[in-house]
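Colleague: Please find target_22.txt (compact mmCIF, C-alpha atoms) on the next line:
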# COMPACT_ATOMS: atom_id res chain seq x y z
CA MET A 1054 45.09 0.69 39.57
CA ALA A 1055 41.93 -1.36 39.90
CA PHE A 1056 40.12 1.65 41.40
CA LYS A 1057 41.21 3.87 38.49
CA GLN A 1058 40.00 1.28 36.01
CA LEU A 1059 36.67 1.11 37.83
CA VAL A 1060 36.29 4.89 37.76
CA ALA A 1061 37.17 4.95 34.07
CA ALA A 1062 34.63 2.25 33.32
CA LEU A 1063 31.93 4.08 35.25
CA SER A 1064 32.76 7.30 33.43
CA ILE A 1065 32.40 5.59 30.05
CA ALA A 1066 29.12 3.97 31.09
CA LEU A 1067 27.78 7.32 32.31
CA SER A 1068 28.81 9.02 29.09
CA LEU A 1069 27.07 6.36 27.01
CA SER A 1070 23.96 6.66 29.17
CA VAL A 1071 23.87 10.43 28.72
CA ALA A 1072 24.42 10.09 24.97
CA GLN A 1073 21.64 7.52 24.69
CA ALA A 1074 19.31 9.76 26.67
CA ALA A 1075 20.09 12.61 24.31
CA ILE A 1076 19.31 10.44 21.31
CA THR A 1077 15.96 9.26 22.66
CA LYS A 1078 14.87 12.52 24.29
CA ARG A 1079 11.36 13.45 23.27
CA VAL A 1080 9.76 16.85 23.04
CA ALA A 1081 6.38 17.68 24.50
CA CYS A 1082 3.91 18.70 21.81
CA PRO A 1083 1.85 21.90 22.20
CA ASP A 1084 -1.35 19.84 22.48
CA GLY A 1085 -0.26 18.79 25.96
CA VAL A 1086 -0.99 15.15 25.14
CA ASN A 1087 1.57 13.80 22.70
CA THR A 1088 5.35 13.74 22.55
CA ALA A 1089 7.61 13.31 19.54
CA THR A 1090 11.26 12.78 18.74
CA ASN A 1091 11.09 15.81 16.45
CA ALA A 1092 8.91 18.86 17.15
CA ALA A 1093 8.02 19.07 13.45
CA CYS A 1094 6.00 15.88 13.83
CA CYS A 1095 3.75 17.31 16.56
CA ALA A 1096 1.26 18.93 14.18
CA LEU A 1097 0.61 15.56 12.55
CA PHE A 1098 -1.15 14.11 15.60
CA ALA A 1099 -4.11 16.44 15.05
CA VAL A 1100 -4.18 15.61 11.33
CA ARG A 1101 -4.11 11.90 12.14
CA ASP A 1102 -6.99 12.13 14.59
CA ASP A 1103 -9.03 14.27 12.21
CA ILE A 1104 -8.74 11.95 9.22
CA GLN A 1105 -9.28 8.85 11.31
CA GLU A 1106 -12.58 10.23 12.52
CA ASN A 1107 -13.79 12.17 9.49
CA LEU A 1108 -12.18 10.53 6.44
CA PHE A 1109 -11.82 6.92 7.55
CA ASP A 1110 -15.17 6.72 9.37
CA GLY A 1111 -13.76 6.34 12.85
CA GLY A 1112 -10.82 4.13 11.90
CA GLU A 1113 -12.35 1.62 9.48
CA CYS A 1114 -10.50 -0.36 6.82
CA GLY A 1115 -13.02 0.61 4.18
CA GLU A 1116 -13.49 2.31 0.83
CA GLU A 1117 -11.64 5.53 1.72
CA VAL A 1118 -8.63 3.52 2.91
CA HIS A 1119 -8.57 1.57 -0.36
CA GLU A 1120 -8.80 4.73 -2.42
CA SER A 1121 -6.25 6.64 -0.30
CA LEU A 1122 -3.74 3.83 -0.72
CA ARG A 1123 -4.39 3.79 -4.46
CA LEU A 1124 -3.73 7.54 -4.56
CA THR A 1125 -0.32 7.16 -2.90
CA PHE A 1126 0.76 4.95 -5.79
CA HIS A 1127 -0.80 6.93 -8.62
CA ASP A 1128 0.90 10.10 -7.37
CA ALA A 1129 4.32 8.63 -6.55
CA ILE A 1130 4.82 6.56 -9.69
CA GLY A 1131 4.64 9.74 -11.81
CA ILE A 1132 8.40 10.04 -12.26
CA GLY A 1133 11.02 8.68 -14.62
CA SER A 1134 12.91 9.32 -17.80
CA THR A 1135 9.99 11.30 -19.28
CA GLY A 1136 9.79 13.64 -16.27
CA GLY A 1137 7.59 13.99 -13.21
CA GLY A 1138 8.22 14.77 -9.56
CA GLY A 1139 7.28 11.45 -7.97
CA ALA A 1140 5.53 11.58 -4.59
CA ASP A 1141 5.01 15.33 -4.77
CA GLY A 1142 1.23 15.66 -4.71
CA SER A 1143 0.98 16.75 -8.32
CA ILE A 1144 -1.99 14.44 -8.88
CA MET A 1145 -3.95 16.62 -6.43
CA THR A 1146 -2.48 20.03 -7.20
CA PHE A 1147 -2.89 19.49 -10.94
CA GLU A 1148 -6.03 17.38 -10.67
CA SER A 1149 -7.59 19.00 -13.74
CA ILE A 1150 -4.77 17.48 -15.80
CA GLU A 1151 -3.72 14.24 -14.13
CA ALA A 1152 -7.20 13.03 -13.16
CA ASN A 1153 -8.02 13.00 -16.87
CA PHE A 1154 -5.29 10.46 -17.64
CA HIS A 1155 -6.90 7.11 -18.47
CA ALA A 1156 -4.97 5.24 -15.76
CA ASN A 1157 -6.17 7.70 -13.11
CA ASN A 1158 -9.87 7.13 -13.73
CA GLY A 1159 -11.78 7.75 -10.50
CA VAL A 1160 -9.03 9.43 -8.43
CA ASP A 1161 -11.01 12.68 -8.50
CA GLU A 1162 -13.37 11.20 -5.91
CA ILE A 1163 -10.77 10.60 -3.19
CA ILE A 1164 -8.98 13.84 -4.10
CA GLY A 1165 -12.23 15.68 -3.49
CA GLU A 1166 -12.56 14.01 -0.08
CA GLN A 1167 -8.95 14.73 0.94
CA LEU A 1168 -8.59 18.33 -0.24
CA PRO A 1169 -10.50 19.93 2.66
CA PHE A 1170 -8.09 18.28 5.12
CA VAL A 1171 -5.07 19.55 3.15
CA THR A 1172 -6.42 23.09 3.36
CA LYS A 1173 -7.47 22.81 7.00
CA HIS A 1174 -4.10 21.52 8.20
CA ASN A 1175 -1.91 23.50 5.81
CA MET A 1176 0.06 20.51 4.54
CA THR A 1177 1.63 20.12 1.13
CA THR A 1178 -0.35 17.80 -1.10
CA GLY A 1179 2.60 15.41 -1.40
CA ASP A 1180 2.93 15.04 2.35
CA PHE A 1181 -0.80 14.67 2.91
CA ILE A 1182 -1.33 11.98 0.27
CA GLN A 1183 1.40 9.76 1.68
CA PHE A 1184 0.42 10.47 5.29
CA ALA A 1185 -3.24 9.64 4.67
CA GLY A 1186 -2.28 6.43 2.91
CA ALA A 1187 -0.09 5.28 5.79
CA VAL A 1188 -2.68 6.17 8.43
CA GLY A 1189 -5.45 4.46 6.48
CA VAL A 1190 -3.54 1.19 6.07
CA SER A 1191 -3.03 1.09 9.85
CA ASN A 1192 -6.77 0.46 10.22
CA CYS A 1193 -6.53 -2.89 8.46
CA PRO A 1194 -5.94 -6.02 10.57
CA GLY A 1195 -2.73 -7.74 9.53
CA ALA A 1196 -1.15 -4.65 7.97
CA PRO A 1197 2.36 -3.42 8.82
CA GLN A 1198 2.90 -0.01 10.40
CA LEU A 1199 4.07 2.01 7.41
CA ASP A 1200 6.78 4.65 7.53
CA PHE A 1201 6.09 8.33 6.96
CA PHE A 1202 8.69 10.97 6.19
CA LEU A 1203 7.74 14.65 6.27
CA GLY A 1204 9.11 17.37 4.00
CA ARG A 1205 7.83 17.19 0.42
CA PRO A 1206 7.73 20.63 -1.18
CA SER A 1207 4.78 21.73 -3.29
CA PRO A 1208 4.83 20.29 -6.83
CA LEU A 1209 5.98 22.48 -9.69
CA ALA A 1210 4.30 20.71 -12.60
CA PRO A 1211 1.98 17.80 -13.38
CA ALA A 1212 3.40 14.36 -14.00
CA PRO A 1213 3.42 13.28 -17.65
CA ASP A 1214 0.78 10.90 -18.91
CA LEU A 1215 1.50 7.17 -19.28
CA THR A 1216 3.56 6.91 -16.10
CA VAL A 1217 0.93 4.86 -14.25
CA PRO A 1218 0.87 1.22 -15.41
CA GLU A 1219 -2.43 -0.05 -16.73
CA PRO A 1220 -3.92 -3.48 -15.93
CA PHE A 1221 -3.88 -4.35 -19.64
CA ASP A 1222 -0.16 -3.56 -20.07
CA SER A 1223 2.26 -6.40 -20.80
CA ILE A 1224 4.51 -7.63 -18.00
CA ASP A 1225 7.52 -6.37 -19.97
CA LYS A 1226 6.01 -2.89 -20.01
CA ILE A 1227 4.97 -2.96 -16.34
CA LEU A 1228 8.37 -4.09 -15.08
CA ALA A 1229 10.13 -1.56 -17.31
CA ARG A 1230 7.91 1.25 -15.97
CA PHE A 1231 8.68 0.37 -12.36
CA ALA A 1232 12.39 0.13 -13.09
CA ASP A 1233 12.34 3.51 -14.81
CA ALA A 1234 10.36 5.15 -12.00
CA GLY A 1235 12.63 4.14 -9.15
CA GLY A 1236 14.74 1.11 -9.89
CA PHE A 1237 12.10 -1.26 -8.55
CA THR A 1238 12.96 -4.94 -8.96
CA PRO A 1239 10.37 -7.53 -10.04
CA ALA A 1240 10.26 -8.73 -6.41
CA GLU A 1241 9.47 -5.19 -5.22
CA VAL A 1242 6.69 -4.91 -7.80
CA VAL A 1243 5.10 -8.05 -6.37
CA ALA A 1244 5.52 -6.66 -2.85
CA LEU A 1245 3.71 -3.44 -3.80
CA LEU A 1246 0.82 -5.50 -5.17
CA SER A 1247 0.21 -6.76 -1.64
CA SER A 1248 -1.95 -3.62 -1.59
CA HIS A 1249 -4.53 -5.57 -3.59
CA THR A 1250 -5.33 -7.60 -0.48
CA ILE A 1251 -7.39 -4.61 0.73
CA ALA A 1252 -8.38 -3.24 -2.68
CA ALA A 1253 -11.52 -3.11 -4.78
CA ALA A 1254 -12.21 -1.94 -8.33
CA ASP A 1255 -14.81 0.73 -9.11
CA HIS A 1256 -14.10 1.41 -12.77
CA VAL A 1257 -12.73 -1.76 -14.42
CA ASP A 1258 -16.32 -2.89 -14.71
CA PRO A 1259 -18.40 0.20 -13.90
CA THR A 1260 -21.55 -1.91 -13.54
CA ILE A 1261 -20.22 -3.46 -10.30
CA PRO A 1262 -18.37 -0.78 -8.29
CA GLY A 1263 -16.59 -1.85 -5.12
CA THR A 1264 -15.70 -5.32 -6.40
CA PRO A 1265 -12.82 -6.79 -4.35
CA PHE A 1266 -9.67 -8.48 -5.65
CA ASP A 1267 -9.92 -11.23 -3.03
CA SER A 1268 -12.44 -12.66 -0.62
CA THR A 1269 -11.08 -10.81 2.45
CA PRO A 1270 -10.84 -7.11 1.43
CA GLY A 1271 -11.08 -5.89 5.02
CA VAL A 1272 -8.00 -7.83 6.14
CA PHE A 1273 -4.38 -7.38 5.06
CA ASP A 1274 -3.63 -11.06 4.50
CA THR A 1275 -2.08 -13.32 1.89
CA GLN A 1276 -5.39 -14.60 0.50
CA VAL A 1277 -5.03 -12.53 -2.68
CA PHE A 1278 -1.87 -14.46 -3.58
CA VAL A 1279 -3.85 -17.69 -3.41
CA GLU A 1280 -6.93 -16.60 -5.29
CA VAL A 1281 -5.12 -14.91 -8.18
CA GLN A 1282 -3.34 -18.25 -8.76
CA LEU A 1283 -6.65 -20.13 -9.07
CA ARG A 1284 -8.05 -20.96 -12.49
CA GLY A 1285 -10.48 -18.29 -13.64
CA THR A 1286 -13.98 -19.48 -14.50
CA LEU A 1287 -16.26 -16.44 -14.60
CA PHE A 1288 -16.67 -12.69 -14.80
CA PRO A 1289 -18.38 -11.09 -11.79
CA GLY A 1290 -20.16 -8.54 -13.97
CA THR A 1291 -20.45 -7.89 -17.67
CA GLY A 1292 -17.15 -9.37 -18.84
CA GLY A 1293 -15.12 -8.24 -21.82
CA ASN A 1294 -13.74 -5.20 -20.00
CA GLN A 1295 -10.27 -3.96 -20.87
CA GLY A 1296 -7.74 -5.13 -18.27
CA GLU A 1297 -10.03 -7.80 -16.76
CA VAL A 1298 -9.76 -11.59 -17.00
CA GLU A 1299 -11.89 -14.35 -15.51
CA SER A 1300 -11.83 -14.81 -11.74
CA PRO A 1301 -12.46 -17.96 -9.69
CA LEU A 1302 -15.21 -16.58 -7.43
CA ALA A 1303 -18.54 -14.87 -7.87
CA GLY A 1304 -18.23 -11.24 -6.80
CA GLU A 1305 -14.44 -11.14 -7.18
CA ILE A 1306 -12.67 -9.25 -9.98
CA ARG A 1307 -9.27 -10.13 -11.41
CA LEU A 1308 -6.94 -7.74 -13.18
CA GLN A 1309 -5.10 -9.01 -16.22
CA SER A 1310 -1.85 -7.61 -14.79
CA ASP A 1311 -2.25 -9.54 -11.51
CA HIS A 1312 -3.05 -12.72 -13.43
CA ASP A 1313 0.00 -12.33 -15.66
CA LEU A 1314 2.43 -11.37 -12.88
CA ALA A 1315 1.39 -14.48 -10.94
CA ARG A 1316 2.29 -16.59 -13.98
CA ASP A 1317 5.34 -14.85 -15.45
CA SER A 1318 8.66 -16.63 -14.92
CA ARG A 1319 10.23 -13.43 -13.52
CA THR A 1320 7.63 -12.98 -10.79
CA ALA A 1321 5.71 -16.26 -10.33
CA CYS A 1322 7.88 -17.74 -7.58
CA GLU A 1323 7.97 -14.46 -5.67
CA TRP A 1324 4.19 -14.20 -5.98
CA GLN A 1325 3.73 -17.74 -4.66
CA SER A 1326 6.22 -17.16 -1.82
CA PHE A 1327 3.79 -14.77 -0.11
CA VAL A 1328 1.13 -17.47 0.34
CA ASN A 1329 0.73 -18.04 4.09
CA ASN A 1330 3.85 -15.97 4.79
CA GLN A 1331 2.29 -13.02 6.57
CA VAL A 1332 5.57 -11.74 8.00
CA LYS A 1333 7.29 -11.70 4.61
CA MET A 1334 4.33 -9.94 3.06
CA GLN A 1335 4.28 -7.28 5.77
CA THR A 1336 8.04 -6.71 5.70
CA ALA A 1337 8.33 -6.57 1.91
CA PHE A 1338 5.30 -4.29 1.51
CA LYS A 1339 6.53 -1.89 4.18
CA ALA A 1340 9.97 -1.64 2.56
CA ALA A 1341 8.58 -1.19 -0.95
CA MET A 1342 6.09 1.44 0.22
CA LYS A 1343 8.85 3.39 1.97
CA LYS A 1344 10.80 3.47 -1.29
CA LEU A 1345 7.70 4.46 -3.28
CA SER A 1346 6.61 7.18 -0.86
CA VAL A 1347 9.82 9.21 -1.20
CA LEU A 1348 10.33 8.95 -4.96
CA GLY A 1349 11.64 12.28 -6.22
CA HIS A 1350 13.03 13.30 -2.83
CA ASN A 1351 16.19 12.84 -0.76
CA ILE A 1352 15.08 10.98 2.33
CA ASN A 1353 18.10 12.34 4.21
CA ASN A 1354 16.56 15.81 3.95
CA MET A 1355 13.22 14.67 5.35
CA ILE A 1356 11.97 14.15 8.91
CA ASP A 1357 11.02 10.68 10.09
CA CYS A 1358 7.56 11.02 11.64
CA SER A 1359 6.68 7.32 11.44
CA GLU A 1360 5.86 7.30 15.15
CA VAL A 1361 2.66 9.25 14.38
CA ILE A 1362 1.29 6.38 12.28
CA PRO A 1363 -0.97 4.19 14.45
CA THR A 1364 -0.07 0.60 15.21
CA PRO A 1365 -2.43 -1.68 13.24
CA PRO A 1366 -4.91 -3.87 15.16
CA ASN A 1367 -3.16 -6.64 17.07
CA VAL A 1368 -5.17 -9.59 15.83
CA LYS A 1369 -4.23 -13.03 14.62
CA VAL A 1370 -4.79 -13.20 10.88
CA LYS A 1371 -6.43 -16.37 9.63
CA ALA A 1372 -4.19 -18.65 7.60
CA ALA A 1373 -4.71 -18.63 3.86
CA THR A 1374 -7.15 -21.25 2.58
CA PHE A 1375 -8.75 -22.42 -0.60
CA PRO A 1376 -12.27 -21.05 -0.97
CA ALA A 1377 -15.04 -23.61 -0.46
CA GLY A 1378 -15.14 -26.23 -3.18
CA LEU A 1379 -11.63 -25.47 -4.49
CA SER A 1380 -8.27 -27.16 -3.93
CA ASN A 1381 -4.72 -27.53 -5.24
CA ALA A 1382 -6.26 -29.06 -8.36
CA ASP A 1383 -7.60 -25.58 -9.25
CA ILE A 1384 -4.21 -23.89 -8.98
CA GLU A 1385 -2.47 -22.87 -12.19
CA GLN A 1386 1.05 -23.72 -11.07
CA ALA A 1387 3.55 -21.22 -12.44
CA CYS A 1388 6.61 -21.33 -10.17
CA ALA A 1389 8.94 -23.87 -11.77
CA THR A 1390 11.07 -24.54 -8.69
CA THR A 1391 8.65 -24.84 -5.76
CA PRO A 1392 5.26 -26.57 -5.56
CA PHE A 1393 2.27 -24.55 -4.44
CA PRO A 1394 1.71 -24.80 -0.66
CA THR A 1395 -0.81 -27.29 0.68
CA LEU A 1396 -3.76 -25.43 2.17
CA ALA A 1397 -7.02 -26.32 3.87
CA THR A 1398 -10.30 -25.73 2.04
CA ASP A 1399 -13.04 -23.64 3.62
CA PRO A 1400 -16.20 -25.62 4.41
CA GLY A 1401 -19.62 -24.82 3.04
CA PRO A 1402 -21.13 -23.81 -0.30
CA ALA A 1403 -19.19 -22.05 -3.05
CA THR A 1404 -17.79 -18.72 -1.95
CA SER A 1405 -19.44 -15.51 -3.18
CA VAL A 1406 -17.70 -12.26 -2.37
CA ALA A 1407 -19.71 -9.23 -1.30
CA PRO A 1408 -18.83 -5.78 -2.70
CA VAL A 1409 -17.05 -3.25 -0.52
CA PRO A 1410 -19.77 -0.83 0.62
CA PRO A 1411 -19.36 2.89 -0.03
CA SER A 1412 -18.73 5.17 2.91
Let's see the structure in the file written out as structure tokens.
Modeller:
Amino acid sequence: MAFKQLVAALSIALSLSVAQAAITKRVACPDGVNTATNAACCALFAVRDDIQENLFDGGECGEEVHESLRLTFHDAIGIGSTGGGGADGSIMTFESIEANFHANNGVDEIIGEQLPFVTKHNMTTGDFIQFAGAVGVSNCPGAPQLDFFLGRPSPLAPAPDLTVPEPFDSIDKILARFADAGGFTPAEVVALLSSHTIAAADHVDPTIPGTPFDSTPGVFDTQVFVEVQLRGTLFPGTGGNQGEVESPLAGEIRLQSDHDLARDSRTACEWQSFVNNQVKMQTAFKAAMKKLSVLGHNINNMIDCSEVIPTPPNVKVKAATFPAGLSNADIEQACATTPFPTLATDPGPATSVAPVPPS
């Protein structure tokens, strides 16, 4: 009896081993170098290598990464009760229409840079926009490895105007727009704004293009959640621009929408919770971006090619700090239930933030 039980146990173990092997079996890609869990993902390795070298300047976390990430959002958010196909690439396919929407000011530049790659690699615009965004973010120290799902069909029509929130919109309007687009919660809206840690503005104040939203635009860290909570004292450029409010540092620009979300009772505590919580920021941003990137599509009908996205640089991200000369006394406390974290202050003279250089 014991022998039979042993044989039965071994048979079960062997069956499970074979099943597991079948699940994890990889296919050799035609390039003779890479393997993938799904053959459909193989073609993406060449696209990845091409854009890393020729769009992202050899794998930098620079201007093209910032603009490619911005494009993922401006394309995907174009869906809701007024129409639109979501993350379908319509912003590129129908550039002559959508790039003229006020909220999409400046997207024609990155579209112009990306289009040759779309043509060269025969991808749909929806797939390419989301793929390029995920690959680009992987160049930034501290960033999570974003998901990428393949299988967006070509768009049928442009998204309607007024689907992209503006920095001068009220918080009521912004939260309602996100909820209408994909059922995003206020917490998910804050998570998506983690993107501003590696962002810069070219057109809010056109006299100072490349102006960052925080003092570390080349690192995906929580510093933006500190600095947006600081009391604004100056404009980095001309001032009086629609959607801009005073920032705390020379060379740093602050959007009205960021300022208000950090101080609204529905989002203030979530905003503050990201300060010095790198893991939470990474996890929440990755989840929110996955949801955003498939708006308008059934993810169950798509192919998970996330393995093609590079692993971000394995570096220890510096803890969040107060810029030189500033402290907790300069924080505009907005979360009613939890005090702002105690942080060290950088040494030296007052911080001045350099613009993000063009490619």
Colleague: Rank nothing, just name the residue among A:Val1188, A:Ala1156, A:Ala1229, A:Val1171 nearest to Val1242 in chain A, using all atoms listed in the file.
Modeller: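 Smallest separation from Val1242 in chain A among the options: A:Ala1229.
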Colleague: Find the distance between CA of Phe1202 in chain A and CA of Ser1149 in chain A and write it in Å to one decimal.
Modeller: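 Atom-to-atom, CA of Phe1202 in chain A and CA of Ser1149 in chain A are spaced 27.0 Å apart.
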Colleague: Using all atoms listed in the file, determine which residues lie at most 9 Å from His1174 in chain A, disregarding the query and same-chain residues fewer than 3 positions distant; provide the list as number ranges by chain.
Modeller: A: 1096-1097, 1099-1100, 1169-1171
Colleague: Suppose we keep C-alpha atoms; can you now write the selection as a PDB file, in the frame of the given file?
Modeller:
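The result, written out as again_21.pdb:
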ATOM      1  CA  ALA A1096       1.260  18.930  14.180  1.00  0.00           C
ATOM      2  CA  LEU A1097       0.610  15.560  12.550  1.00  0.00           C
ATOM      3  CA  ALA A1099      -4.110  16.440  15.050  1.00  0.00           C
ATOM      4  CA  VAL A1100      -4.180  15.610  11.330  1.00  0.00           C
ATOM      5  CA  PRO A1169     -10.500  19.930   2.660  1.00  0.00           C
ATOM      6  CA  PHE A1170      -8.090  18.280   5.120  1.00  0.00           C
ATOM      7  CA  VAL A1171      -5.070  19.550   3.150  1.00  0.00           C
TER       8      VAL A1171
END
Colleague: Select from range 1124-1144 of chain A every residue with an atom at most 12 Å from any atom of range 1247-1267 of chain A, then for each give the shortest pair of atoms and their distance in Å to one decimal, using only C-alpha atoms, rows by chain and rising number, as CSV.
Modeller:
residue,atom,partner,partner_atom,distance
A:Leu1124,CA,A:Ser1248,CA,11.7
A:Thr1125,CA,A:Ser1248,CA,11.0
A:Phe1126,CA,A:Ser1248,CA,9.9
Colleague: Counting all atoms listed in the file, which residue out of A:Cys1388, A:Ala1185, A:Cys1082, A:Val1118 sits closest to Pro1411 in chain A?
Modeller: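 Smallest separation from Pro1411 in chain A among the options: A:Val1118.
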Colleague: Which is closest to His1119 in chain A among A:Met1176, A:Leu1396, A:Leu1287, A:Val1409, if we use only C-alpha atoms?
Modeller: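 Among A:Met1176, A:Leu1396, A:Leu1287, A:Val1409, it is A:Val1409 that comes nearest to His1119 in chain A.
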Colleague: Could you check the closest approach to Lys1371 in chain A for each of A:Thr1390, A:Asn1294, A:Ser1326, A:Gln1276 and tell me which residue wins, using only C-alpha atoms?
Modeller: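 Looking only at the distances to Lys1371 in chain A, the closest residue turns out to be A:Gln1276.
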Colleague: Using all atoms listed in the file, give me every residue within 9 Å of (1.6, -16.3, -1.6) in file coordinates, as a PyMOL selection string.
Modeller: chain A and resi 1275-1279+1282+1322-1331+1334+1373+1393-1394
Colleague: Taking all atoms listed in the file into account, name the residue in A:Gly1112, A:Gly1195, A:Pro1083, A:Gly1189 that is nearest to Val1370 in chain A.
Modeller: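 Nearest candidate to Val1370 in chain A out of A:Gly1112, A:Gly1195, A:Pro1083, A:Gly1189: A:Gly1195.
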Colleague: Taking 2 positions as the minimum chain separation for residues in the same chain, which residues sit within 10 Å of Thr1135 in chain A when counting all atoms listed in the file? Answer as a PyMOL selection string.
Modeller: chain A and resi 1131-1133+1137+1212-1216+1233-1234
Colleague: Go ahead and save the picked residues with C-alpha atoms, as a PDB file, in the coordinates of the input.
Modeller:
ATOM      1  CA  GLY A1131       4.640   9.740 -11.810  1.00  0.00           C
ATOM      2  CA  ILE A1132       8.400  10.040 -12.260  1.00  0.00           C
ATOM      3  CA  GLY A1133      11.020   8.680 -14.620  1.00  0.00           C
ATOM      4  CA  GLY A1137       7.590  13.990 -13.210  1.00  0.00           C
ATOM      5  CA  ALA A1212       3.400  14.360 -14.000  1.00  0.00           C
ATOM      6  CA  PRO A1213       3.420  13.280 -17.650  1.00  0.00           C
ATOM      7  CA  ASP A1214       0.780  10.900 -18.910  1.00  0.00           C
ATOM      8  CA  LEU A1215       1.500   7.170 -19.280  1.00  0.00           C
ATOM      9  CA  THR A1216       3.560   6.910 -16.100  1.00  0.00           C
ATOM     10  CA  ASP A1233      12.340   3.510 -14.810  1.00  0.00           C
ATOM     11  CA  ALA A1234      10.360   5.150 -12.000  1.00  0.00           C
TER      12      ALA A1234
END
Colleague: Which residues are close to range 1296-1302 of chain A, i.e. within 9 Å by all atoms listed in the file, leaving aside same-chain residues fewer than 2 positions away? Reply as a PDB file with C-alpha atoms, in the coordinates of the input.
Modeller:
ATOM      1  CA  GLU A1219      -2.430  -0.050 -16.730  1.00  0.00           C
ATOM      2  CA  PRO A1220      -3.920  -3.480 -15.930  1.00  0.00           C
ATOM      3  CA  PHE A1221      -3.880  -4.350 -19.640  1.00  0.00           C
ATOM      4  CA  ASP A1222      -0.160  -3.560 -20.070  1.00  0.00           C
ATOM      5  CA  VAL A1257     -12.730  -1.760 -14.420  1.00  0.00           C
ATOM      6  CA  ASP A1258     -16.320  -2.890 -14.710  1.00  0.00           C
ATOM      7  CA  ASP A1267      -9.920 -11.230  -3.030  1.00  0.00           C
ATOM      8  CA  SER A1268     -12.440 -12.660  -0.620  1.00  0.00           C
ATOM      9  CA  GLU A1280      -6.930 -16.600  -5.290  1.00  0.00           C
ATOM     10  CA  VAL A1281      -5.120 -14.910  -8.180  1.00  0.00           C
ATOM     11  CA  LEU A1283      -6.650 -20.130  -9.070  1.00  0.00           C
ATOM     12  CA  ARG A1284      -8.050 -20.960 -12.490  1.00  0.00           C
ATOM     13  CA  GLY A1285     -10.480 -18.290 -13.640  1.00  0.00           C
ATOM     14  CA  THR A1286     -13.980 -19.480 -14.500  1.00  0.00           C
ATOM     15  CA  LEU A1287     -16.260 -16.440 -14.600  1.00  0.00           C
ATOM     16  CA  PHE A1288     -16.670 -12.690 -14.800  1.00  0.00           C
ATOM     17  CA  PRO A1289     -18.380 -11.090 -11.790  1.00  0.00           C
ATOM     18  CA  GLY A1292     -17.150  -9.370 -18.840  1.00  0.00           C
ATOM     19  CA  GLY A1293     -15.120  -8.240 -21.820  1.00  0.00           C
ATOM     20  CA  ASN A1294     -13.740  -5.200 -20.000  1.00  0.00           C
ATOM     21  CA  GLY A1304     -18.230 -11.240  -6.800  1.00  0.00           C
ATOM     22  CA  GLU A1305     -14.440 -11.140  -7.180  1.00  0.00           C
ATOM     23  CA  ILE A1306     -12.670  -9.250  -9.980  1.00  0.00           C
ATOM     24  CA  ARG A1307      -9.270 -10.130 -11.410  1.00  0.00           C
ATOM     25  CA  LEU A1308      -6.940  -7.740 -13.180  1.00  0.00           C
ATOM     26  CA  GLN A1309      -5.100  -9.010 -16.220  1.00  0.00           C
ATOM     27  CA  SER A1310      -1.850  -7.610 -14.790  1.00  0.00           C
ATOM     28  CA  HIS A1312      -3.050 -12.720 -13.430  1.00  0.00           C
ATOM     29  CA  PRO A1376     -12.270 -21.050  -0.970  1.00  0.00           C
ATOM     30  CA  ALA A1403     -19.190 -22.050  -3.050  1.00  0.00           C
ATOM     31  CA  THR A1404     -17.790 -18.720  -1.950  1.00  0.00           C
ATOM     32  CA  SER A1405     -19.440 -15.510  -3.180  1.00  0.00           C
ATOM     33  CA  VAL A1406     -17.700 -12.260  -2.370  1.00  0.00           C
TER      34      VAL A1406
END
Colleague: Please indicate the distance in Å from CA of Asn1091 in chain A to CA of Asp1357 in chain A, rounded to one decimal place.
Modeller: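 We find that CA of Asn1091 in chain A and CA of Asp1357 in chain A lie 8.2 Å from each other.
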Colleague: Counting only C-alpha atoms, which residue out of A:Leu1245, A:Leu1379, A:Ala1089, A:Ile1362 sits closest to Gln1198 in chain A?
Modeller: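 Smallest separation from Gln1198 in chain A among the options: A:Ile1362.
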Colleague: For the atom pair CA of Leu1203 in chain A and CA of Cys1114 in chain A, what is the interatomic distance in Å to one decimal place?
Modeller: 23.6 Å
Colleague: Can you tell me, as number ranges by chain, what residues are no more than 6 Å from Gly1179 in chain A when counting only C-alpha atoms, ignoring any on the same chain fewer than 5 positions away?
Modeller: A: 1140-1142, 1205
Colleague: Excluding Ser1346 in chain A and its own-chain neighbours fewer than 4 positions away, which residues fall within 7 Å of it when counting all atoms listed in the file? Please give them as a ChimeraX atom specification.
Modeller: /A:1129,1140,1183,1342
